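Asks: Structure file entry_7.txt (compact mmCIF, C-alpha atoms) right here:
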```
# COMPACT_ATOMS: atom_id res chain seq x y z
CA MET A 1 149.88 58.13 84.52
CA THR A 2 148.55 61.52 83.40
CA LEU A 3 144.91 62.25 82.56
CA ALA A 4 145.82 62.65 78.90
CA GLU A 5 147.52 59.22 78.84
CA LEU A 6 144.58 57.58 80.64
CA SER A 7 142.09 59.17 78.22
CA LEU A 8 144.01 57.97 75.19
CA ARG A 9 144.35 54.42 76.50
CA ARG A 10 140.66 54.21 77.54
CA PRO A 11 138.83 56.20 74.83
CA VAL A 12 135.43 54.51 75.30
CA THR A 13 135.49 55.07 79.06
CA THR A 14 136.49 58.68 78.57
CA VAL A 15 133.77 59.36 76.00
CA MET A 16 131.08 57.69 78.11
CA PHE A 17 132.19 59.63 81.18
CA PHE A 18 131.84 62.96 79.39
CA VAL A 19 128.53 61.98 77.78
CA SER A 20 127.15 60.99 81.20
CA MET A 21 128.35 64.24 82.79
CA ILE A 22 126.81 66.28 79.96
CA VAL A 23 123.44 64.53 80.30
CA ILE A 24 123.45 64.95 84.09
CA GLY A 25 124.53 68.57 83.73
CA LEU A 26 121.76 69.37 81.25
CA LEU A 27 119.11 67.82 83.51
CA ALA A 28 120.46 69.62 86.57
CA ALA A 29 120.76 72.95 84.74
CA PHE A 30 116.97 73.19 84.35
CA LYS A 31 116.48 72.51 88.08
CA LEU A 32 119.25 74.79 89.30
CA PRO A 33 117.76 77.48 91.59
CA LEU A 34 118.13 81.03 90.32
CA GLU A 35 118.95 83.78 92.81
CA GLN A 36 120.11 87.36 92.65
CA PHE A 37 122.51 86.96 95.58
CA PRO A 38 123.82 83.86 97.38
CA ASP A 39 122.26 82.83 100.67
CA VAL A 40 124.78 84.23 103.16
CA ASN A 41 124.71 83.90 106.94
CA VAL A 42 125.27 87.51 108.03
CA PRO A 43 126.10 87.86 111.77
CA PHE A 44 123.65 90.73 112.38
CA VAL A 45 120.56 90.82 114.59
CA PHE A 46 118.11 93.71 114.83
CA VAL A 47 115.65 93.95 117.73
CA ASN A 48 112.61 96.19 117.18
CA ILE A 49 110.38 96.92 120.19
CA PRO A 50 107.30 99.00 119.21
CA TYR A 51 105.76 101.17 121.95
CA PRO A 52 103.66 103.99 120.40
CA GLY A 53 102.46 107.03 122.26
CA SER A 54 105.54 107.64 124.38
CA THR A 55 108.64 109.86 124.28
CA PRO A 56 112.26 109.01 123.35
CA LYS A 57 113.37 109.65 126.93
CA GLU A 58 110.79 107.26 128.38
CA ILE A 59 111.53 104.67 125.70
CA GLU A 60 115.22 104.77 126.60
CA ARG A 61 114.59 104.51 130.35
CA GLN A 62 111.86 101.87 130.35
CA ILE A 63 112.73 99.72 127.31
CA THR A 64 116.10 100.37 125.66
CA ARG A 65 118.34 100.18 128.73
CA PRO A 66 116.81 96.99 130.22
CA ALA A 67 116.88 95.33 126.80
CA GLU A 68 120.52 96.32 126.22
CA GLU A 69 121.55 94.92 129.60
CA ALA A 70 119.82 91.63 128.83
CA LEU A 71 121.12 91.31 125.25
CA SER A 72 124.70 92.22 126.22
CA THR A 73 125.02 88.75 127.77
CA LEU A 74 124.91 87.13 124.31
CA PRO A 75 128.31 85.58 123.47
CA GLY A 76 130.53 86.94 120.71
CA ILE A 77 129.10 90.48 120.42
CA ASP A 78 131.34 92.79 118.40
CA SER A 79 129.22 95.96 118.70
CA MET A 80 125.77 97.06 119.85
CA ASN A 81 123.94 100.24 118.79
CA SER A 82 120.52 101.39 119.95
CA THR A 83 118.03 104.07 118.89
CA SER A 84 115.15 105.35 121.03
CA ARG A 85 112.28 107.03 119.22
CA ALA A 86 108.86 108.26 120.25
CA ASP A 87 107.20 105.04 119.08
CA ASN A 88 109.81 102.27 119.28
CA ALA A 89 113.23 101.13 120.44
CA GLY A 90 115.69 99.62 117.96
CA ILE A 91 118.83 97.67 118.91
CA PHE A 92 121.34 96.56 116.25
CA ILE A 93 123.81 93.84 117.31
CA GLN A 94 126.82 92.77 115.26
CA PHE A 95 128.73 89.58 116.08
CA SER A 96 132.36 88.85 115.33
CA ASP A 97 131.94 85.21 114.25
CA TRP A 98 130.75 84.83 110.65
CA ASP A 99 130.46 81.04 111.01
CA ARG A 100 127.79 81.12 113.72
CA ASP A 101 124.19 80.08 113.02
CA ILE A 102 122.36 83.40 113.24
CA SER A 103 118.95 81.70 113.62
CA ILE A 104 120.13 80.16 116.90
CA THR A 105 121.47 83.54 117.99
CA ALA A 106 118.11 85.18 117.25
CA SER A 107 116.40 82.51 119.37
CA GLU A 108 118.82 83.23 122.23
CA ALA A 109 118.03 86.94 121.93
CA ARG A 110 114.31 86.19 122.30
CA ASP A 111 115.05 84.13 125.42
CA ARG A 112 116.94 87.07 126.94
CA LEU A 113 114.04 89.44 126.27
CA ASP A 114 111.47 86.97 127.62
CA ALA A 115 113.47 86.77 130.84
CA ILE A 116 113.04 90.53 131.51
CA ARG A 117 109.43 90.72 130.31
CA SER A 118 108.26 91.70 133.78
CA GLU A 119 110.66 94.69 133.80
CA LEU A 120 109.20 96.16 130.61
CA PRO A 121 105.96 98.21 130.49
CA ALA A 122 102.84 96.14 131.15
CA ASP A 123 101.09 97.39 128.01
CA LEU A 124 104.00 96.43 125.72
CA GLN A 125 102.42 94.02 123.28
CA ARG A 126 105.28 92.37 121.37
CA TYR A 127 108.79 92.72 120.00
CA PHE A 128 110.57 91.55 116.84
CA VAL A 129 114.01 89.90 116.50
CA GLN A 130 115.08 90.08 112.87
CA SER A 131 118.06 88.60 111.04
CA PHE A 132 119.23 89.57 107.55
CA SER A 133 118.78 87.31 104.52
CA PRO A 134 118.92 88.06 100.78
CA THR A 135 115.37 86.70 100.49
CA ASP A 136 114.20 89.54 102.75
CA GLN A 137 114.51 91.87 99.79
CA PRO A 138 111.37 92.26 97.64
CA LEU A 139 111.23 90.08 94.54
CA LYS A 140 109.19 92.78 92.82
CA MET A 141 108.34 96.37 93.67
CA ILE A 142 105.21 97.36 91.73
CA ARG A 143 103.83 100.89 91.82
CA PHE A 144 100.51 102.24 90.51
CA SER A 145 100.08 105.42 88.50
CA SER A 146 96.61 106.89 87.99
CA ASP A 147 94.78 110.19 87.65
CA ARG A 148 92.72 109.34 90.72
CA ASP A 149 94.17 109.41 94.23
CA LEU A 150 94.89 105.82 95.28
CA LYS A 151 96.14 106.72 98.73
CA GLY A 152 92.77 105.86 100.24
CA SER A 153 92.27 102.66 98.23
CA TYR A 154 93.73 100.23 100.76
CA THR A 155 90.66 97.95 100.74
CA LEU A 156 90.56 97.89 96.93
CA ILE A 157 94.27 97.03 96.64
CA GLN A 158 93.98 94.38 99.34
CA ARG A 159 90.95 92.70 97.74
CA LEU A 160 91.94 92.78 94.06
CA ILE A 161 95.75 92.69 94.16
CA GLN A 162 97.27 91.61 97.47
CA ARG A 163 95.11 88.55 98.12
CA LYS A 164 95.41 87.29 94.54
CA LEU A 165 99.19 87.63 94.49
CA GLU A 166 99.55 85.90 97.87
CA ARG A 167 97.87 82.78 96.44
CA ILE A 168 100.67 82.28 93.90
CA PRO A 169 102.95 79.30 94.76
CA GLY A 170 106.32 80.57 95.96
CA VAL A 171 105.06 83.97 97.16
CA ALA A 172 105.63 84.41 100.91
CA ARG A 173 103.79 87.70 101.43
CA VAL A 174 102.65 90.85 99.66
CA GLU A 175 103.10 94.20 101.38
CA ILE A 176 100.96 97.23 100.53
CA THR A 177 102.93 100.47 100.54
CA GLY A 178 101.75 104.07 100.30
CA ALA A 179 98.10 103.24 101.02
CA PRO A 180 97.68 102.99 104.81
CA PRO A 181 94.83 100.90 106.26
CA PRO A 182 91.93 102.88 107.74
CA GLU A 183 91.50 103.23 111.49
CA VAL A 184 89.06 104.72 114.00
CA GLU A 185 90.29 107.94 115.57
CA ILE A 186 88.82 109.10 118.89
CA ALA A 187 89.72 112.79 119.26
CA ILE A 188 88.99 113.66 122.90
CA ASP A 189 88.11 117.25 123.85
CA PRO A 190 90.03 117.98 127.10
CA SER A 191 87.58 120.67 128.25
CA ARG A 192 84.55 118.41 127.82
CA LEU A 193 86.40 115.53 129.48
CA ALA A 194 87.23 117.69 132.50
CA SER A 195 83.72 119.14 132.76
CA HIS A 196 82.25 115.66 133.20
CA ASN A 197 84.94 114.76 135.75
CA ILE A 198 86.25 111.73 133.83
CA GLY A 199 89.91 110.74 133.98
CA LEU A 200 91.84 109.78 130.86
CA ASN A 201 93.04 106.51 132.43
CA GLU A 202 89.47 105.69 133.41
CA LEU A 203 88.28 106.31 129.85
CA SER A 204 91.07 104.14 128.38
CA ALA A 205 90.21 101.28 130.73
CA LYS A 206 86.52 101.65 129.86
CA LEU A 207 87.20 101.38 126.11
CA GLN A 208 89.38 98.31 126.57
CA ALA A 209 86.81 96.63 128.80
CA VAL A 210 83.82 97.04 126.48
CA ASN A 211 85.60 95.75 123.35
CA PHE A 212 86.10 92.01 123.88
CA SER A 213 85.31 88.54 122.58
CA VAL A 214 86.14 85.65 124.90
CA SER A 215 85.20 82.02 125.37
CA ALA A 216 83.16 81.25 128.51
CA GLY A 217 83.19 77.47 128.21
CA ASP A 218 80.36 75.05 127.47
CA ILE A 219 76.88 74.34 128.89
CA ASN A 220 75.85 70.68 128.98
CA ALA A 221 72.06 70.41 128.60
CA GLY A 222 71.15 66.74 128.49
CA ASP A 223 72.40 65.33 125.21
CA ARG A 224 73.37 68.75 123.89
CA ARG A 225 76.49 70.85 124.44
CA ILE A 226 76.17 74.61 123.96
CA ARG A 227 79.25 76.77 123.51
CA VAL A 228 79.10 80.10 125.37
CA GLN A 229 81.01 83.07 123.95
CA PRO A 230 80.19 86.55 125.26
CA ILE A 231 80.78 89.06 122.46
CA GLY A 232 81.24 92.73 123.15
CA GLU A 233 83.14 93.81 120.05
CA ILE A 234 82.41 97.29 118.72
CA LYS A 235 82.00 96.96 114.96
CA THR A 236 80.79 100.37 113.80
CA VAL A 237 81.52 104.03 114.50
CA ALA A 238 77.84 104.51 115.43
CA GLU A 239 78.24 102.00 118.27
CA LEU A 240 81.21 103.96 119.56
CA ASN A 241 79.24 107.20 119.47
CA ARG A 242 76.45 105.61 121.54
CA LEU A 243 78.82 104.03 124.08
CA PRO A 244 77.62 104.99 127.61
CA LEU A 245 80.30 106.23 129.99
CA ASN A 246 78.26 106.60 133.23
CA ASP A 247 74.78 106.12 134.65
CA LYS A 248 73.81 109.73 133.87
CA GLY A 249 73.47 109.09 130.16
CA LEU A 250 76.88 110.47 129.12
CA LYS A 251 77.98 109.07 125.77
CA LEU A 252 81.40 108.91 124.16
CA SER A 253 80.25 111.28 121.40
CA ASP A 254 79.59 113.95 124.09
CA ILE A 255 83.30 114.25 124.94
CA ALA A 256 85.04 113.16 121.70
CA ASP A 257 84.84 113.42 117.94
CA ILE A 258 84.93 109.94 116.40
CA ARG A 259 85.73 109.39 112.73
CA TYR A 260 86.92 106.69 110.37
CA LYS A 261 90.15 107.84 108.68
CA LEU A 262 93.41 106.70 107.14
CA GLN A 263 96.38 106.04 109.37
CA THR A 264 98.88 108.89 109.59
CA GLN A 265 102.16 108.19 107.79
CA ASP A 266 105.47 109.68 108.89
CA PHE A 267 107.01 109.32 105.43
CA GLY A 268 106.04 110.09 101.86
CA ARG A 269 106.73 108.71 98.37
CA ARG A 270 105.92 110.36 95.05
CA LEU A 271 105.47 108.90 91.58
CA ASP A 272 104.68 111.20 88.64
CA GLY A 273 103.94 113.93 91.17
CA LYS A 274 101.34 111.83 92.99
CA PRO A 275 101.52 109.66 96.15
CA ALA A 276 103.42 106.47 95.28
CA VAL A 277 101.06 103.57 95.97
CA GLY A 278 101.95 99.98 95.22
CA VAL A 279 102.87 96.53 96.52
CA ASN A 280 106.11 94.75 97.39
CA VAL A 281 106.15 91.02 96.59
CA PHE A 282 108.34 88.73 98.72
CA ARG A 283 109.09 85.14 97.81
CA GLU A 284 109.68 82.02 99.88
CA GLN A 285 113.28 81.18 100.69
CA ASN A 286 113.57 78.05 98.53
CA ALA A 287 111.36 79.21 95.65
CA ASN A 288 112.82 79.69 92.16
CA LEU A 289 113.20 83.43 91.67
CA VAL A 290 112.56 83.54 87.92
CA ASN A 291 109.60 81.12 87.99
CA VAL A 292 107.88 83.04 90.78
CA ALA A 293 108.45 86.33 88.95
CA LYS A 294 106.89 84.91 85.77
CA SER A 295 103.86 83.71 87.74
CA VAL A 296 103.50 87.15 89.35
CA ASP A 297 103.70 88.87 85.94
CA ALA A 298 101.03 86.54 84.53
CA GLU A 299 98.73 87.23 87.49
CA ILE A 300 99.30 90.98 87.16
CA GLU A 301 98.17 90.81 83.54
CA ARG A 302 94.93 89.12 84.66
CA ILE A 303 94.46 91.65 87.47
CA LYS A 304 94.72 94.54 85.01
CA THR A 305 91.50 93.37 83.35
CA GLU A 306 89.45 94.08 86.49
CA PRO A 307 86.94 96.88 85.74
CA GLU A 308 87.62 98.57 89.10
CA LEU A 309 91.29 98.97 88.14
CA SER A 310 90.69 100.65 84.80
CA GLY A 311 92.93 103.66 84.22
CA ILE A 312 95.63 102.38 86.62
CA LYS A 313 99.11 101.86 85.18
CA PHE A 314 101.31 99.16 86.76
CA ILE A 315 105.02 100.11 86.91
CA ASN A 316 107.84 97.70 87.80
CA VAL A 317 110.19 99.77 89.93
CA GLU A 318 112.45 96.83 90.80
CA ASP A 319 112.59 93.28 89.49
CA GLN A 320 115.21 90.84 90.78
CA ALA A 321 114.34 88.29 88.10
CA GLU A 322 115.24 90.77 85.35
CA SER A 323 118.77 91.20 86.71
CA VAL A 324 119.22 87.43 86.95
CA THR A 325 118.01 86.77 83.40
CA SER A 326 120.17 89.59 82.05
CA SER A 327 123.19 88.06 83.80
CA ILE A 328 122.41 84.69 82.25
CA ASN A 329 122.16 86.31 78.81
CA GLU A 330 125.51 88.01 79.39
CA LEU A 331 127.00 84.64 80.35
CA ILE A 332 125.70 83.07 77.16
CA GLU A 333 126.94 86.03 75.12
CA ALA A 334 130.39 85.79 76.70
CA GLY A 335 130.53 82.08 75.94
CA VAL A 336 129.56 82.62 72.31
CA ILE A 337 132.08 85.45 71.88
CA GLY A 338 134.81 83.37 73.56
CA SER A 339 134.07 80.43 71.29
CA LEU A 340 134.12 82.54 68.13
CA LEU A 341 137.33 84.32 69.08
CA SER A 342 139.05 81.04 69.97
CA ILE A 343 137.99 79.53 66.64
CA ILE A 344 139.28 82.51 64.66
CA VAL A 345 142.57 82.89 66.55
CA LEU A 346 143.41 79.20 66.73
CA PHE A 347 142.64 78.51 63.10
CA TYR A 348 144.60 81.59 62.03
CA PHE A 349 147.76 80.38 63.79
CA LEU A 350 147.39 76.58 63.58
CA ARG A 351 145.52 76.12 60.30
CA HIS A 352 144.15 72.90 61.83
CA TRP A 353 140.36 72.45 62.12
CA PRO A 354 140.29 69.47 64.56
CA SER A 355 142.41 71.32 67.13
CA THR A 356 140.29 74.44 66.73
CA LEU A 357 137.01 72.58 67.21
CA MET A 358 138.31 70.77 70.31
CA VAL A 359 138.94 74.07 72.08
CA SER A 360 135.58 75.48 70.99
CA LEU A 361 133.72 72.34 72.12
CA ALA A 362 135.40 72.40 75.53
CA ILE A 363 133.61 75.66 76.50
CA PRO A 364 129.94 74.47 76.44
CA VAL A 365 130.89 71.00 77.72
CA CYS A 366 132.68 72.38 80.78
CA ILE A 367 129.91 74.91 81.52
CA VAL A 368 127.24 72.19 81.46
CA MET A 369 129.32 69.95 83.71
CA THR A 370 129.91 72.83 86.13
CA LEU A 371 126.17 73.54 86.36
CA GLY A 372 125.59 69.88 87.25
CA VAL A 373 128.20 70.03 90.02
CA MET A 374 126.64 73.26 91.33
CA TYR A 375 123.20 71.63 91.52
CA PHE A 376 124.35 68.56 93.46
CA THR A 377 126.47 70.63 95.87
CA GLY A 378 123.47 72.81 96.76
CA MET A 379 124.69 75.99 95.08
CA THR A 380 122.51 78.48 93.21
CA LEU A 381 122.99 80.38 89.99
CA ASN A 382 123.40 83.96 91.25
CA VAL A 383 125.41 87.07 90.49
CA LEU A 384 128.59 85.79 92.16
CA THR A 385 128.50 82.28 90.68
CA MET A 386 127.81 83.76 87.24
CA MET A 387 130.86 86.00 87.63
CA GLY A 388 132.84 82.87 88.47
CA LEU A 389 131.57 81.15 85.34
CA LEU A 390 132.48 84.17 83.22
CA LEU A 391 135.98 84.12 84.69
CA GLY A 392 136.15 80.37 84.18
CA ILE A 393 135.38 80.70 80.47
CA GLY A 394 138.38 82.98 80.03
CA MET A 395 140.66 80.62 81.97
CA LEU A 396 139.33 77.66 79.99
CA VAL A 397 140.14 79.25 76.65
CA ASP A 398 143.60 80.30 77.85
CA ASN A 399 144.45 76.81 79.11
CA SER A 400 143.09 75.15 75.96
CA VAL A 401 145.17 77.37 73.72
CA VAL A 402 148.33 76.64 75.71
CA VAL A 403 147.77 72.86 75.64
CA VAL A 404 146.88 72.77 71.93
CA GLU A 405 149.91 74.88 71.04
CA SER A 406 152.17 72.59 73.10
CA ILE A 407 150.77 69.50 71.38
CA TYR A 408 151.16 71.21 68.02
CA GLN A 409 154.86 71.77 68.74
CA GLN A 410 155.27 68.07 69.50
CA ARG A 411 153.52 67.20 66.24
CA GLU A 412 156.27 69.05 64.39
CA LYS A 413 158.88 66.87 66.11
CA TYR A 414 157.02 63.54 65.84
CA PRO A 415 154.56 63.86 62.95
CA ASN A 416 153.91 60.11 62.78
CA ASP A 417 153.13 59.54 66.49
CA PRO A 418 150.05 61.65 67.47
CA VAL A 419 149.44 59.74 70.75
CA ARG A 420 152.95 60.51 71.98
CA CYS A 421 152.56 64.13 70.92
CA ALA A 422 149.33 64.47 72.92
CA ILE A 423 150.87 62.92 76.04
CA GLU A 424 154.17 64.80 75.91
CA GLY A 425 152.58 68.09 74.93
CA THR A 426 150.14 67.93 77.84
CA ARG A 427 152.76 66.76 80.35
CA SER A 428 155.13 69.65 79.54
CA VAL A 429 152.56 72.34 80.46
CA GLN A 430 150.29 70.61 83.01
CA LEU A 431 152.19 71.92 86.06
CA ALA A 432 152.20 75.51 84.83
CA ILE A 433 148.49 75.37 83.88
CA SER A 434 147.46 73.74 87.16
CA CYS A 435 149.35 76.30 89.24
CA GLY A 436 148.06 79.24 87.21
CA THR A 437 144.45 78.06 87.31
CA LEU A 438 144.43 77.20 91.02
```
Just give me the structure as structure tokens.

Replies:
Amino acid sequence: MTLAELSLRRPVTTVMFFVSMIVIGLLAAFKLPLEQFPDVNVPFVFVNIPYPGSTPKEIERQITRPAEEALSTLPGIDSMNSTSRADNAGIFIQFSDWDRDISITASEARDRLDAIRSELPADLQRYFVQSFSPTDQPLKMIRFSSDRDLKGSYTLIQRLIQRKLERIPGVARVEITGAPPPEVEIAIDPSRLASHNIGLNELSAKLQAVNFSVSAGDINAGDRRIRVQPIGEIKTVAELNRLPLNDKGLKLSDIADIRYKLQTQDFGRRLDGKPAVGVNVFREQNANLVNVAKSVDAEIERIKTEPELSGIKFINVEDQAESVTSSINELIEAGVIGSLLSIIVLFYFLRHWPSTLMVSLAIPVCIVMTLGVMYFTGMTLNVLTMMGLLLGIGMLVDNSVVVVESIYQQREKYPNDPVRCAIEGTRSVQLAISCGTL
């Protein structure tokens, strides 16, 4: 028994089935996650090991080679490339198996590096094992344009923009770009250092020793418990200037110039001829892209009203949500155009309104049902799935026209038996349509 014959013999069941699927599809369509790209498991791992203040040769000898030897034991490596710079070592590993769980592989890479931790420099603080995901790309890239120089406004941007955007549900983090955080620079004069007979290693150890905050346990005094925490943190530049280096009254300011300045950047961005300052907004992995973008836009509008930000123009350099919404609009436009063209063409050749309306109605019904299936199978509405829907609309119209034309031919043979015409007309083309569509 064919589907057409079953539908004709059980019309109530068929109608209720389609009504149920349409209702479920409409409910699921509003909950369907929107993405720019699908969540793919890319078999790449990048290991970044920061070690500032060295040379590429030393980085390669002390860090890159031991790390490469340890990571080369990972199974399924297709290629491994490394780069040694003056401030870090970077190792890019590509695996041959696209079906492997890259999060497990990243954990195995961390285990390999932890095993050789004693072979790496003692003052190496940490390393990063990163895997690629489409959600790693910024949801929004916002830049600021102003007549005043915003390069030194890190604290202002952090207080009025970054912290407010990070409180939005669905936002994972907000990264400030172009405005480096300030730091304390201790510029040592070699001649003055040598004249006081102080070694550089000795000075470095002295600075590390005097800047601390540790817990020293508790003191039990009768019915009271007192927490002891020696604090030796240096909080101001003036305290650094007065820091004693020996018992002769030598201070740090006697051998070095200490100042509060912006961090040095090894790259530059320009916007309207001025340093490009802004923020990159990243979203959580399972957050709805369009909803988060709307919340960010609404918060940006409130932030603009801050008096301290007057005269600053906010520019959207990149917006993933805009590309997704434009793709959805193109999908709707393609569906409308396909429906109108099918109506015009079918009615021109068949001169039969019921047949024409059936084909036109099949387009929105099938799209809604497909969205419901996508939701319950865990798929997202992204660029690739939208392309599939656009292609599916064209195939749907083609198949509908072929079936209707076949049924119409049977109607000319058996004008008084419409049920037989529907069954025979569908049966004669179902194999060709199924093969062509699949």

Asks: Extract, using all atoms listed in the file, all DNA, RNA and protein residues at most 10 Å from segment 34-40 of chain A, discarding same-chain residues fewer than 3 positions from it, and format them as an NGL selection string.

Replies: :A and (30-31 or 43 or 98 or 132-135 or 139 or 285-291 or 320-325 or 327-328 or 379-385)

Asks: If you keep C-alpha atoms, can you produce a file of those selected residues as an mmCIF file, in the coordinates of the input?

Replies:
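In the end it all went to again-v2.cif:
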```cif
data_model
loop_
_atom_site.group_PDB
_atom_site.id
_atom_site.type_symbol
_atom_site.label_atom_id
_atom_site.label_comp_id
_atom_site.auth_asym_id
_atom_site.auth_seq_id
_atom_site.Cartn_x
_atom_site.Cartn_y
_atom_site.Cartn_z
ATOM 1 C CA PHE A 30 116.970 73.190 84.350
ATOM 2 C CA LYS A 31 116.480 72.510 88.080
ATOM 3 C CA PRO A 43 126.100 87.860 111.770
ATOM 4 C CA TRP A 98 130.750 84.830 110.650
ATOM 5 C CA PHE A 132 119.230 89.570 107.550
ATOM 6 C CA SER A 133 118.780 87.310 104.520
ATOM 7 C CA PRO A 134 118.920 88.060 100.780
ATOM 8 C CA THR A 135 115.370 86.700 100.490
ATOM 9 C CA LEU A 139 111.230 90.080 94.540
ATOM 10 C CA GLN A 285 113.280 81.180 100.690
ATOM 11 C CA ASN A 286 113.570 78.050 98.530
ATOM 12 C CA ALA A 287 111.360 79.210 95.650
ATOM 13 C CA ASN A 288 112.820 79.690 92.160
ATOM 14 C CA LEU A 289 113.200 83.430 91.670
ATOM 15 C CA VAL A 290 112.560 83.540 87.920
ATOM 16 C CA ASN A 291 109.600 81.120 87.990
ATOM 17 C CA GLN A 320 115.210 90.840 90.780
ATOM 18 C CA ALA A 321 114.340 88.290 88.100
ATOM 19 C CA GLU A 322 115.240 90.770 85.350
ATOM 20 C CA SER A 323 118.770 91.200 86.710
ATOM 21 C CA VAL A 324 119.220 87.430 86.950
ATOM 22 C CA THR A 325 118.010 86.770 83.400
ATOM 23 C CA SER A 327 123.190 88.060 83.800
ATOM 24 C CA ILE A 328 122.410 84.690 82.250
ATOM 25 C CA MET A 379 124.690 75.990 95.080
ATOM 26 C CA THR A 380 122.510 78.480 93.210
ATOM 27 C CA LEU A 381 122.990 80.380 89.990
ATOM 28 C CA ASN A 382 123.400 83.960 91.250
ATOM 29 C CA VAL A 383 125.410 87.070 90.490
ATOM 30 C CA LEU A 384 128.590 85.790 92.160
ATOM 31 C CA THR A 385 128.500 82.280 90.680
#
```

Asks: Here is a test: counting all atoms listed in the file, which residue of A:Ala179, A:Ile116, A:Val45, A:Leu6 is nearest to Leu262 of chain A?

Replies: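 Among the listed residues, A:Ala179 lies closest to Leu262 of chain A.
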
Asks: What separation in Å, quoted to one decimal, exists between atom CA of Asp189 of chain A and atom CA of Ala238 of chain A?

Replies: 18.4 Å

Asks: For each of A:Asp297, A:Glu58, A:Glu405, A:Glu306, take the minimum atom-to-atom distance to Phe347 of chain A, counting only C-alpha atoms, then give the residue where this is smallest.

Replies: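 For Phe347 of chain A, the nearest of the given residues is A:Glu405.
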
Asks: Measuring between all atoms listed in the file, which one of A:Met358, A:Leu309, A:Val277, A:Ile59 shows the shortest distance to Arg159 of chain A?

Replies: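 Counting all atoms listed in the file, the residue closest to Arg159 of chain A is A:Leu309.
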
Asks: When you draw a straight line from atom CA of Ile77 of chain A to atom CA of Phe46 of chain A, how long is it in Å?

Replies: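 Taking atom CA of Ile77 of chain A as the start and atom CA of Phe46 of chain A as the end point, the length is 12.7 Å.
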
Asks: Would you please work out which residue, of A:Thr14, A:Ser406, A:Gln137, A:Ser191, is nearest to Glu318 of chain A when using all atoms listed in the file?

Replies: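 Looking only at the distances to Glu318 of chain A, the closest residue turns out to be A:Gln137.
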
Asks: Name the closest residue to Leu124 of chain A among the candidates A:Ser360, A:Ser82, A:Ser295, A:Ser54; distances are taken between atoms, counting all atoms listed in the file.

Replies: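 Using all atoms listed in the file, Leu124 of chain A sits closest to A:Ser54.
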
Asks: Using Å and a single decimal, report how far atom CA of Met395 of chain A sits from atom CA of Leu431 of chain A.

Replies: 15.0 Å

Asks: Which one is closest to Met374 of chain A: A:Cys421, A:Ile102, A:Met386, A:Ile93? Count only C-alpha atoms.

Replies: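 Between A:Cys421, A:Ile102, A:Met386, A:Ile93, the residue approaching Met374 of chain A most closely is A:Met386.
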
Asks: Give me the residues within 10 Å of Asn399 of chain A as a PyMOL selection string, counting only C-alpha atoms and dropping any in the same chain fewer than 2 places off.

Replies: chain A and resi 359+393-397+401-405+429-430+432-434+436-437

Asks: Given the point (132.0, 65.6, 80.6) in the coordinates of this file, which residues lie within 7 Å, counting only C-alpha atoms, and how would they look as a compact mmCIF listing (two decimals) with C-alpha atoms, in the coordinates of the input?

Replies:
```txt
# COMPACT_ATOMS: atom_id res chain seq x y z
CA PHE A 17 132.19 59.63 81.18
CA PHE A 18 131.84 62.96 79.39
CA VAL A 19 128.53 61.98 77.78
CA SER A 20 127.15 60.99 81.20
CA MET A 21 128.35 64.24 82.79
CA ILE A 22 126.81 66.28 79.96
CA VAL A 365 130.89 71.00 77.72
CA CYS A 366 132.68 72.38 80.78
CA MET A 369 129.32 69.95 83.71
```

Asks: Tell me, as a CSV table (one decimal) with C-alpha atoms, in the coordinates of the input, which residues lie within 12 Å of Asp149 of chain A, counting only C-alpha atoms; anything in the same chain fewer than 2 positions away does not count.

Replies:
```csv
chain,number,residue,atom,x,y,z
A,144,PHE,CA,100.5,102.2,90.5
A,145,SER,CA,100.1,105.4,88.5
A,146,SER,CA,96.6,106.9,88.0
A,147,ASP,CA,94.8,110.2,87.6
A,151,LYS,CA,96.1,106.7,98.7
A,152,GLY,CA,92.8,105.9,100.2
A,153,SER,CA,92.3,102.7,98.2
A,154,TYR,CA,93.7,100.2,100.8
A,178,GLY,CA,101.8,104.1,100.3
A,179,ALA,CA,98.1,103.2,101.0
A,270,ARG,CA,105.9,110.4,95.0
A,271,LEU,CA,105.5,108.9,91.6
A,273,GLY,CA,103.9,113.9,91.2
A,274,LYS,CA,101.3,111.8,93.0
A,275,PRO,CA,101.5,109.7,96.2
A,276,ALA,CA,103.4,106.5,95.3
A,277,VAL,CA,101.1,103.6,96.0
A,311,GLY,CA,92.9,103.7,84.2
A,312,ILE,CA,95.6,102.4,86.6
```

Asks: For Asn88 of chain A, list every protein, DNA or RNA residue within 12 Å, evaluated using all atoms listed in the file, and leave out those in the same chain fewer than 3 positions away; present the list as a list in words.

Replies: Val47, Asn48, Ile49, Pro50, Tyr51, Pro52, Gly53, Ser54, Thr55, Pro56, Lys57, Glu58, Ile59, Glu60, Gln62, Ile63, Thr64, Ser82, Thr83, Ser84, Arg85, Ile91, Leu124, Gln125, Arg126, Tyr127 and Phe128 of chain A

Asks: Taking 6 positions as the minimum chain separation for residues in the same chain, which residues sit within 12 Å of Leu350 of chain A when counting only C-alpha atoms? Answer as a ChimeraX atom specification.

Replies: /A:342-344,356-357,401,404-409,411-412

Asks: For the selection you just gave me, I'd like the residues written to a file as a short mmCIF file (atom, residue, chain, number, x, y, z; two decimals), in the coordinates of the input, keeping C-alpha atoms.

Replies:
```
data_model
loop_
_atom_site.label_atom_id
_atom_site.label_comp_id
_atom_site.auth_asym_id
_atom_site.auth_seq_id
_atom_site.Cartn_x
_atom_site.Cartn_y
_atom_site.Cartn_z
CA SER A 342 139.05 81.04 69.97
CA ILE A 343 137.99 79.53 66.64
CA ILE A 344 139.28 82.51 64.66
CA THR A 356 140.29 74.44 66.73
CA LEU A 357 137.01 72.58 67.21
CA VAL A 401 145.17 77.37 73.72
CA VAL A 404 146.88 72.77 71.93
CA GLU A 405 149.91 74.88 71.04
CA SER A 406 152.17 72.59 73.10
CA ILE A 407 150.77 69.50 71.38
CA TYR A 408 151.16 71.21 68.02
CA GLN A 409 154.86 71.77 68.74
CA ARG A 411 153.52 67.20 66.24
CA GLU A 412 156.27 69.05 64.39
#
```
